[in-house]
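Step one of this worksheet: look at the structure below.
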Amino acid sequence: MAADREQLGNKLFEFVEINEEGYAIFDARDHLLYCNRAYARILGFDAEVLIGRTFVDIISLCFNSNKGFKTDTDDLDVLLARLSTQWRSDYYRLFEMQNHENQWFLFSEIKNASGEILIQTKQVTEQKVLEQKLLESRDNLRQLALTDELTQVANRRCFVDSVEAELHRCRRHNYRVAYMILDLDHFKRINDSYGHQAGDMVLQHVAKLVKKLLRNYDIFGRIGGEEFAVFLGRTRVEEVLLIAERIREAIADTPLSYNGDSIRVTTSIGISLCTSVAHTYPDLYNQADQALYQAKANGRNMCQFHQTEHQE
Ligand SMILES: Nc1nc2c(ncn2[C@@H]2O[C@H](COP(=O)(O)OP(=O)(O)OP(=O)(O)O)[C@@H](O)[C@H]2O)c(=O)[nH]1
């Protein structure tokens with residue numbers, strides 16, 4: 001029976017030696033007792049170089065020779081401190097690592113009653129690449145669902161969600177907020193005179209112009225056919241007027257070159273400026289829309305505040 005066990009042990013060892021997956025054993029004082037060739041190869045060294053060294057030694061050797069596993073820190077002490085909280089933290093651990101050859105490995109770490117540790121690795125590069133592709137396509141889909149296809153700015157749904165969230169934040173500080181609706185003037189004439197494709201290009205052109213004039217934290221989106229909207233959190237009347245006027249002027253003064261023609265377009269801007277505490281998204285929209293109606297009635301190509309709110 002004893003002989004059988006020994007034979008079996010030898011057989012097992014032979015298989016471990018030639019296995020493509022890595023095997024390593026650390027003693028209770030963290031010295032590497034044994035590793036097969038596959039394990040050593042994953043770390044970028046020969047087994048003879050690694051056997052006998054401590055866990056910390058091996059990590060340091062790999063780190064200093066830019067071999068072994070990738071890490072997000074360039075400070076060895078930070079890395080060792082981090083690993084010391086994980087290493088031996090449980091009887092059984094599973095984790096994934098990527099080496100400098102861009103191969104991914106699933107590690108299992110098993111601790112026995114004497115404190116010895118067996119490490120096994122399994123190559124999971126293919127699964128990992130697939131997983132990353134899936135995550136990328138999920139992000140792309142999410143992005144597509146939030147972006148207006150024609151102008152590549154936020155679509156209505158994304159815009160409204162972002163404004164609702166920002167409005168909620170502004171309410172906590174009782175900030176004044178501004179909401180503007182930009183509606184292109186006589187846009188139908190552009191489609192009628194130059195064709196729908198030209199109209200599309202004008203919309204793209206306008207979106208680009210407006211985007212350039214806004215700050216990163218302003219919220220901008222296309223909320224309808226030829227209608228865009230801007231939300232400014234924590235703002236003052238002079239600032240809103242300045243931004244709105246800049247947008248109006250930029251659009252009026254920057255024609256689009258199209259097939260040898262120069263297409264000019266203007267925009268009317270309706271503005272709601274009010275306290276975030278007392279107003280909801282529909283309030284802001286309705287006030288800006290009423291102001292827009294006045295701007296159109298008063299001759300277009302102008303910025304118009306919602307009357308009552310301006311005096312608030
Ligand atoms: N090219 C193009 N045209 C669009 C798009 N969405 C809406 N439109 C057009 O925009 C025009 C809007 O026309 P109206 O609502 O009558 O307004 P307007 O001609 O801009 O006139 P005012 O707003 O009163 O100044 C319509 O002709 C729509 O077909 C789009 O994605 N592309």
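Quick note on naming: the chains in the structure tokens go A, B, ... in the order shown, residues restart at 1 in each chain, and ligands are numbered from 1 in order of appearance.
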
Run DSSP on the backbone of this structure and report the residues of region 21-174 of chain A it assigns to helix (DSSP H, G or I), as a VMD selection string. chain A and resid 37 to 43 47 to 50 55 to 64 76 to 86 125 to 146 156 to 173

Contacts of region 136-142 of chain A at 12 Å (only C-alpha atoms; same-chain gap of 5+ positions) as a VMD selection string: chain A and resid 129 to 131 147 154 158

Okay, now the selection with N, CA and C atoms, as a PDB file, in the first residue's frame?
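File written: result27.pdb
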```pdb
ATOM      1  N   VAL A 129     -10.142  37.722 -23.050  1.00  0.00           N
ATOM      2  CA  VAL A 129     -10.259  38.570 -24.245  1.00  0.00           C
ATOM      3  C   VAL A 129     -11.728  38.664 -24.656  1.00  0.00           C
ATOM      4  N   LEU A 130     -12.408  37.514 -24.609  1.00  0.00           N
ATOM      5  CA  LEU A 130     -13.821  37.482 -24.963  1.00  0.00           C
ATOM      6  C   LEU A 130     -14.639  38.351 -23.995  1.00  0.00           C
ATOM      7  N   GLU A 131     -14.307  38.208 -22.720  1.00  0.00           N
ATOM      8  CA  GLU A 131     -15.009  38.979 -21.688  1.00  0.00           C
ATOM      9  C   GLU A 131     -14.817  40.478 -21.921  1.00  0.00           C
ATOM     10  N   THR A 147     -26.562  58.558 -27.039  1.00  0.00           N
ATOM     11  CA  THR A 147     -26.039  59.578 -27.954  1.00  0.00           C
ATOM     12  C   THR A 147     -26.967  59.783 -29.145  1.00  0.00           C
ATOM     13  N   ALA A 154     -25.569  64.402 -26.500  1.00  0.00           N
ATOM     14  CA  ALA A 154     -26.534  63.612 -25.721  1.00  0.00           C
ATOM     15  C   ALA A 154     -27.907  63.641 -26.394  1.00  0.00           C
ATOM     16  N   CYS A 158     -30.878  60.958 -22.504  1.00  0.00           N
ATOM     17  CA  CYS A 158     -29.651  61.141 -21.731  1.00  0.00           C
ATOM     18  C   CYS A 158     -29.605  62.549 -21.145  1.00  0.00           C
TER      19      CYS A 158
END
```

Using only C-alpha atoms and all ligand atoms, determine which residues fall within 9 Å of ligand 1, then list them as a VMD selection string. chain A and resid 150 183 to 192 195 to 203 224 to 227 266 to 268 293 296 to 297 300

Using C-alpha atoms, can you write the selected residues to a file as a short mmCIF file (atom, residue, chain, number, x, y, z; two decimals), in the first residue's frame?
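The new file again.cif reads:
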```
data_model
loop_
_atom_site.label_atom_id
_atom_site.label_comp_id
_atom_site.auth_asym_id
_atom_site.auth_seq_id
_atom_site.Cartn_x
_atom_site.Cartn_y
_atom_site.Cartn_z
CA LEU A 150 -26.68 62.54 -36.14
CA ASP A 183 -34.48 76.36 -31.71
CA LEU A 184 -33.10 76.99 -35.20
CA ASP A 185 -35.01 79.66 -37.11
CA HIS A 186 -36.88 78.82 -40.30
CA PHE A 187 -35.10 75.52 -40.45
CA LYS A 188 -37.74 74.14 -42.78
CA ARG A 189 -36.54 76.65 -45.41
CA ILE A 190 -33.02 75.18 -45.23
CA ASN A 191 -34.36 71.71 -45.91
CA ASP A 192 -36.58 73.05 -48.66
CA GLY A 195 -32.23 69.44 -49.21
CA HIS A 196 -32.54 67.27 -46.12
CA GLN A 197 -28.88 66.22 -46.20
CA ALA A 198 -27.79 69.85 -45.99
CA GLY A 199 -30.24 70.28 -43.09
CA ASP A 200 -28.57 67.36 -41.32
CA MET A 201 -25.17 68.92 -41.83
CA VAL A 202 -26.40 72.21 -40.41
CA LEU A 203 -27.57 70.37 -37.29
CA GLY A 224 -35.92 67.44 -30.73
CA GLY A 225 -35.57 67.75 -34.52
CA GLU A 226 -34.02 71.23 -34.72
CA GLU A 227 -34.10 71.84 -30.99
CA THR A 266 -29.85 81.69 -36.82
CA THR A 267 -31.30 80.48 -33.58
CA SER A 268 -33.81 81.71 -31.04
CA TYR A 293 -42.16 81.34 -28.13
CA LYS A 296 -39.84 83.68 -32.14
CA ALA A 297 -42.76 86.13 -31.95
CA ARG A 300 -36.14 85.39 -33.97
#
```

Filtered DSSP result for region 35-113 of chain A, state strand (DSSP E), as a ChimeraX atom specification: /A:35,92-98,104-111

Would you write out those residues with N, CA and C atoms, as a PDB file, in the first residue's frame?
```
ATOM      1  N   CYS A  35       8.451  24.520  -7.842  1.00  0.00           N
ATOM      2  CA  CYS A  35       7.534  24.991  -8.887  1.00  0.00           C
ATOM      3  C   CYS A  35       7.858  24.224 -10.169  1.00  0.00           C
ATOM      4  N   TYR A  92      -8.467  29.278   1.124  1.00  0.00           N
ATOM      5  CA  TYR A  92      -8.610  29.058  -0.316  1.00  0.00           C
ATOM      6  C   TYR A  92      -8.923  30.407  -0.975  1.00  0.00           C
ATOM      7  N   ARG A  93      -8.127  30.755  -1.947  1.00  0.00           N
ATOM      8  CA  ARG A  93      -8.379  32.032  -2.659  1.00  0.00           C
ATOM      9  C   ARG A  93      -8.301  31.797  -4.149  1.00  0.00           C
ATOM     10  N   LEU A  94      -9.121  32.546  -4.897  1.00  0.00           N
ATOM     11  CA  LEU A  94      -9.072  32.517  -6.366  1.00  0.00           C
ATOM     12  C   LEU A  94      -8.891  33.953  -6.830  1.00  0.00           C
ATOM     13  N   PHE A  95      -8.005  34.162  -7.761  1.00  0.00           N
ATOM     14  CA  PHE A  95      -7.844  35.516  -8.292  1.00  0.00           C
ATOM     15  C   PHE A  95      -7.227  35.451  -9.689  1.00  0.00           C
ATOM     16  N   GLU A  96      -7.391  36.538 -10.431  1.00  0.00           N
ATOM     17  CA  GLU A  96      -6.869  36.580 -11.810  1.00  0.00           C
ATOM     18  C   GLU A  96      -5.707  37.560 -11.901  1.00  0.00           C
ATOM     19  N   MET A  97      -4.733  37.217 -12.730  1.00  0.00           N
ATOM     20  CA  MET A  97      -3.587  38.103 -12.931  1.00  0.00           C
ATOM     21  C   MET A  97      -3.199  38.079 -14.408  1.00  0.00           C
ATOM     22  N   GLN A  98      -2.584  39.186 -14.850  1.00  0.00           N
ATOM     23  CA  GLN A  98      -2.107  39.247 -16.240  1.00  0.00           C
ATOM     24  C   GLN A  98      -0.586  39.406 -16.210  1.00  0.00           C
ATOM     25  N   TRP A 104      -3.484  35.951 -19.434  1.00  0.00           N
ATOM     26  CA  TRP A 104      -4.256  36.015 -18.183  1.00  0.00           C
ATOM     27  C   TRP A 104      -4.252  34.641 -17.517  1.00  0.00           C
ATOM     28  N   PHE A 105      -4.163  34.625 -16.190  1.00  0.00           N
ATOM     29  CA  PHE A 105      -4.166  33.367 -15.438  1.00  0.00           C
ATOM     30  C   PHE A 105      -5.146  33.450 -14.269  1.00  0.00           C
ATOM     31  N   LEU A 106      -5.821  32.334 -14.085  1.00  0.00           N
ATOM     32  CA  LEU A 106      -6.647  32.198 -12.896  1.00  0.00           C
ATOM     33  C   LEU A 106      -5.796  31.457 -11.872  1.00  0.00           C
ATOM     34  N   PHE A 107      -5.591  32.053 -10.729  1.00  0.00           N
ATOM     35  CA  PHE A 107      -4.782  31.452  -9.675  1.00  0.00           C
ATOM     36  C   PHE A 107      -5.672  30.864  -8.596  1.00  0.00           C
ATOM     37  N   SER A 108      -5.277  29.675  -8.099  1.00  0.00           N
ATOM     38  CA  SER A 108      -5.915  29.224  -6.867  1.00  0.00           C
ATOM     39  C   SER A 108      -4.807  29.037  -5.849  1.00  0.00           C
ATOM     40  N   GLU A 109      -5.097  29.459  -4.631  1.00  0.00           N
ATOM     41  CA  GLU A 109      -4.103  29.384  -3.560  1.00  0.00           C
ATOM     42  C   GLU A 109      -4.748  28.571  -2.425  1.00  0.00           C
ATOM     43  N   ILE A 110      -4.163  27.428  -2.115  1.00  0.00           N
ATOM     44  CA  ILE A 110      -4.747  26.559  -1.082  1.00  0.00           C
ATOM     45  C   ILE A 110      -3.739  26.400   0.054  1.00  0.00           C
ATOM     46  N   LYS A 111      -4.216  26.637   1.276  1.00  0.00           N
ATOM     47  CA  LYS A 111      -3.305  26.521   2.441  1.00  0.00           C
ATOM     48  C   LYS A 111      -3.682  25.259   3.217  1.00  0.00           C
TER      49      LYS A 111
END
```

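Residues in contact with Asn112 (chain A) at 10 Å, where only C-alpha atoms are counted and same-chain residues fewer than 4 positions away are skipped, are listed as Ala28, Tyr91, Tyr92, Glu116, Ile117 and Leu118 of chain A.
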
Keeping only N, CA and C atoms, write the selected residues as a short mmCIF file (atom, residue, chain, number, x, y, z; two decimals), in the first residue's frame.
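Listing of out-v4.cif after writing:
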```
data_model
loop_
_atom_site.label_atom_id
_atom_site.label_comp_id
_atom_site.auth_asym_id
_atom_site.auth_seq_id
_atom_site.Cartn_x
_atom_site.Cartn_y
_atom_site.Cartn_z
N ALA A 28 5.77 26.86 5.11
CA ALA A 28 5.04 27.70 6.08
C ALA A 28 5.75 29.03 6.33
N TYR A 91 -7.97 30.21 3.58
CA TYR A 91 -7.52 28.85 3.28
C TYR A 91 -7.59 28.55 1.79
N TYR A 92 -8.47 29.28 1.12
CA TYR A 92 -8.61 29.06 -0.32
C TYR A 92 -8.92 30.41 -0.98
N GLU A 116 1.48 25.26 4.71
CA GLU A 116 2.08 25.23 3.37
C GLU A 116 1.02 25.65 2.35
N ILE A 117 1.53 26.21 1.27
CA ILE A 117 0.59 26.73 0.28
C ILE A 117 0.84 26.10 -1.09
N LEU A 118 -0.25 25.63 -1.70
CA LEU A 118 -0.15 25.12 -3.07
C LEU A 118 -0.79 26.15 -4.00
#
```

Selection: 8 Å around region 176-181 of chain A, only C-alpha atoms, excl. self and same-chain fewer than 6 positions, as a PDB file with N, CA and C atoms, in the first residue's frame:
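The resulting around.pdb:
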```
ATOM      1  N   LEU A 167     -29.899  68.657 -11.215  1.00  0.00           N
ATOM      2  CA  LEU A 167     -30.886  69.493 -10.515  1.00  0.00           C
ATOM      3  C   LEU A 167     -31.002  69.035  -9.059  1.00  0.00           C
ATOM      4  N   CYS A 170     -28.026  70.347  -7.274  1.00  0.00           N
ATOM      5  CA  CYS A 170     -28.093  71.805  -7.082  1.00  0.00           C
ATOM      6  C   CYS A 170     -29.063  72.167  -5.955  1.00  0.00           C
ATOM      7  N   GLU A 227     -34.076  71.243 -32.323  1.00  0.00           N
ATOM      8  CA  GLU A 227     -34.101  71.843 -30.986  1.00  0.00           C
ATOM      9  C   GLU A 227     -33.006  71.245 -30.109  1.00  0.00           C
ATOM     10  N   PHE A 228     -32.179  72.132 -29.549  1.00  0.00           N
ATOM     11  CA  PHE A 228     -31.137  71.705 -28.614  1.00  0.00           C
ATOM     12  C   PHE A 228     -31.441  72.332 -27.259  1.00  0.00           C
ATOM     13  N   ALA A 229     -30.828  71.825 -26.217  1.00  0.00           N
ATOM     14  CA  ALA A 229     -31.019  72.436 -24.892  1.00  0.00           C
ATOM     15  C   ALA A 229     -29.711  72.412 -24.115  1.00  0.00           C
ATOM     16  N   VAL A 230     -29.586  73.420 -23.238  1.00  0.00           N
ATOM     17  CA  VAL A 230     -28.386  73.551 -22.407  1.00  0.00           C
ATOM     18  C   VAL A 230     -28.828  73.742 -20.969  1.00  0.00           C
ATOM     19  N   PHE A 231     -28.166  73.094 -20.048  1.00  0.00           N
ATOM     20  CA  PHE A 231     -28.447  73.294 -18.621  1.00  0.00           C
ATOM     21  C   PHE A 231     -27.178  73.779 -17.944  1.00  0.00           C
ATOM     22  N   LEU A 232     -27.303  74.879 -17.187  1.00  0.00           N
ATOM     23  CA  LEU A 232     -26.153  75.384 -16.445  1.00  0.00           C
ATOM     24  C   LEU A 232     -26.501  75.336 -14.957  1.00  0.00           C
ATOM     25  N   GLY A 233     -25.712  74.627 -14.193  1.00  0.00           N
ATOM     26  CA  GLY A 233     -25.957  74.577 -12.752  1.00  0.00           C
ATOM     27  C   GLY A 233     -25.191  75.700 -12.086  1.00  0.00           C
ATOM     28  N   ARG A 234     -25.640  76.185 -10.954  1.00  0.00           N
ATOM     29  CA  ARG A 234     -24.991  77.237 -10.165  1.00  0.00           C
ATOM     30  C   ARG A 234     -24.583  78.407 -11.060  1.00  0.00           C
ATOM     31  N   THR A 235     -25.560  79.237 -11.364  1.00  0.00           N
ATOM     32  CA  THR A 235     -25.238  80.269 -12.337  1.00  0.00           C
ATOM     33  C   THR A 235     -25.918  81.602 -11.997  1.00  0.00           C
ATOM     34  N   ARG A 236     -25.401  82.681 -12.599  1.00  0.00           N
ATOM     35  CA  ARG A 236     -25.966  84.016 -12.366  1.00  0.00           C
ATOM     36  C   ARG A 236     -26.520  84.549 -13.679  1.00  0.00           C
ATOM     37  N   VAL A 240     -25.426  83.713 -17.612  1.00  0.00           N
ATOM     38  CA  VAL A 240     -26.320  82.994 -18.521  1.00  0.00           C
ATOM     39  C   VAL A 240     -26.498  83.786 -19.813  1.00  0.00           C
ATOM     40  N   ALA A 244     -25.525  82.577 -23.508  1.00  0.00           N
ATOM     41  CA  ALA A 244     -26.592  82.465 -24.511  1.00  0.00           C
ATOM     42  C   ALA A 244     -26.274  83.361 -25.715  1.00  0.00           C
ATOM     43  N   ILE A 269     -33.348  81.644 -28.680  1.00  0.00           N
ATOM     44  CA  ILE A 269     -33.030  80.949 -27.426  1.00  0.00           C
ATOM     45  C   ILE A 269     -33.992  81.393 -26.329  1.00  0.00           C
ATOM     46  N   GLY A 270     -34.715  80.448 -25.773  1.00  0.00           N
ATOM     47  CA  GLY A 270     -35.595  80.726 -24.635  1.00  0.00           C
ATOM     48  C   GLY A 270     -34.903  80.265 -23.369  1.00  0.00           C
ATOM     49  N   ILE A 271     -34.917  81.145 -22.335  1.00  0.00           N
ATOM     50  CA  ILE A 271     -34.135  80.835 -21.129  1.00  0.00           C
ATOM     51  C   ILE A 271     -34.998  80.874 -19.869  1.00  0.00           C
ATOM     52  N   SER A 272     -34.818  79.859 -19.068  1.00  0.00           N
ATOM     53  CA  SER A 272     -35.438  79.863 -17.745  1.00  0.00           C
ATOM     54  C   SER A 272     -34.302  79.941 -16.740  1.00  0.00           C
ATOM     55  N   LEU A 273     -34.375  80.917 -15.843  1.00  0.00           N
ATOM     56  CA  LEU A 273     -33.347  81.036 -14.794  1.00  0.00           C
ATOM     57  C   LEU A 273     -34.084  81.019 -13.469  1.00  0.00           C
ATOM     58  N   CYS A 274     -33.865  80.049 -12.654  1.00  0.00           N
ATOM     59  CA  CYS A 274     -34.656  79.985 -11.420  1.00  0.00           C
ATOM     60  C   CYS A 274     -33.946  79.213 -10.319  1.00  0.00           C
ATOM     61  N   THR A 275     -34.566  79.195  -9.152  1.00  0.00           N
ATOM     62  CA  THR A 275     -33.961  78.478  -8.028  1.00  0.00           C
ATOM     63  C   THR A 275     -34.194  76.982  -8.229  1.00  0.00           C
ATOM     64  N   SER A 276     -33.193  76.206  -7.877  1.00  0.00           N
ATOM     65  CA  SER A 276     -33.329  74.760  -8.093  1.00  0.00           C
ATOM     66  C   SER A 276     -34.282  74.127  -7.082  1.00  0.00           C
ATOM     67  N   LEU A 284     -38.786  73.965 -15.629  1.00  0.00           N
ATOM     68  CA  LEU A 284     -37.702  74.615 -16.386  1.00  0.00           C
ATOM     69  C   LEU A 284     -38.012  74.572 -17.879  1.00  0.00           C
ATOM     70  N   TYR A 285     -38.418  73.391 -18.327  1.00  0.00           N
ATOM     71  CA  TYR A 285     -38.690  73.233 -19.756  1.00  0.00           C
ATOM     72  C   TYR A 285     -39.829  74.165 -20.184  1.00  0.00           C
ATOM     73  N   ALA A 288     -38.746  77.849 -20.262  1.00  0.00           N
ATOM     74  CA  ALA A 288     -37.839  78.123 -21.388  1.00  0.00           C
ATOM     75  C   ALA A 288     -38.629  78.083 -22.705  1.00  0.00           C
ATOM     76  N   ASP A 289     -39.577  77.183 -22.768  1.00  0.00           N
ATOM     77  CA  ASP A 289     -40.376  77.043 -23.997  1.00  0.00           C
ATOM     78  C   ASP A 289     -41.252  78.289 -24.217  1.00  0.00           C
ATOM     79  N   LEU A 292     -39.030  80.958 -25.407  1.00  0.00           N
ATOM     80  CA  LEU A 292     -38.665  80.696 -26.806  1.00  0.00           C
ATOM     81  C   LEU A 292     -39.781  81.183 -27.738  1.00  0.00           C
TER      82      LEU A 292
END
```

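For Ala38 (chain A), the residues within 6 Å (counting only C-alpha atoms, excluding itself and residues fewer than 4 positions away along the chain) are A:Glu20, A:Glu21, A:Gly22.
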
Expected file: the selected residues, N, CA and C atoms, as a PDB file, in the first residue's frame:
```pdb
ATOM      1  N   GLU A  20       1.044  21.881 -18.559  1.00  0.00           N
ATOM      2  CA  GLU A  20       1.093  23.231 -19.151  1.00  0.00           C
ATOM      3  C   GLU A  20       0.608  24.290 -18.148  1.00  0.00           C
ATOM      4  N   GLU A  21      -0.130  23.853 -17.146  1.00  0.00           N
ATOM      5  CA  GLU A  21      -0.586  24.787 -16.113  1.00  0.00           C
ATOM      6  C   GLU A  21       0.465  24.824 -15.009  1.00  0.00           C
ATOM      7  N   GLY A  22       0.561  25.961 -14.321  1.00  0.00           N
ATOM      8  CA  GLY A  22       1.619  26.128 -13.324  1.00  0.00           C
ATOM      9  C   GLY A  22       1.267  25.544 -11.963  1.00  0.00           C
TER      10      GLY A  22
END
```

With distances taken over only C-alpha atoms, which of A:Val49, A:Val78, A:Val237, A:Val160 is nearest to Ile223 (chain A)? A:Val160

List the spatial neighbours of Tyr34 (chain A) as a VMD selection string - criterion: any atom at most 8 Å away, only C-alpha atoms, same-chain residues fewer than 6 positions off excluded. chain A and resid 24 to 26 51

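If you look at CA of Ser262 (chain A) and CA of Gln204 (chain A), they are 15.1 Å away from each other.
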
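Using only C-alpha atoms, the smallest distance between any of A:Ala145, A:Leu32, A:Phe63, A:Leu242 and Asp75 (chain A) comes from A:Phe63.
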
Residue contacts of Asn102 (chain A) (12 Å, only C-alpha atoms) excluding same-chain residues fewer than 4 positions away, as an NGL selection string: :A and (42-43 or 67-70 or 97-98 or 123-126 or 128-129)

What's the separation between CA of Leu214 (chain A) and CA of Leu144 (chain A), in Å to one decimal place? 22.2 Å

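Between CA of Arg248 (chain A) and CA of Gln304 (chain A) there is a distance of 11.2 Å.
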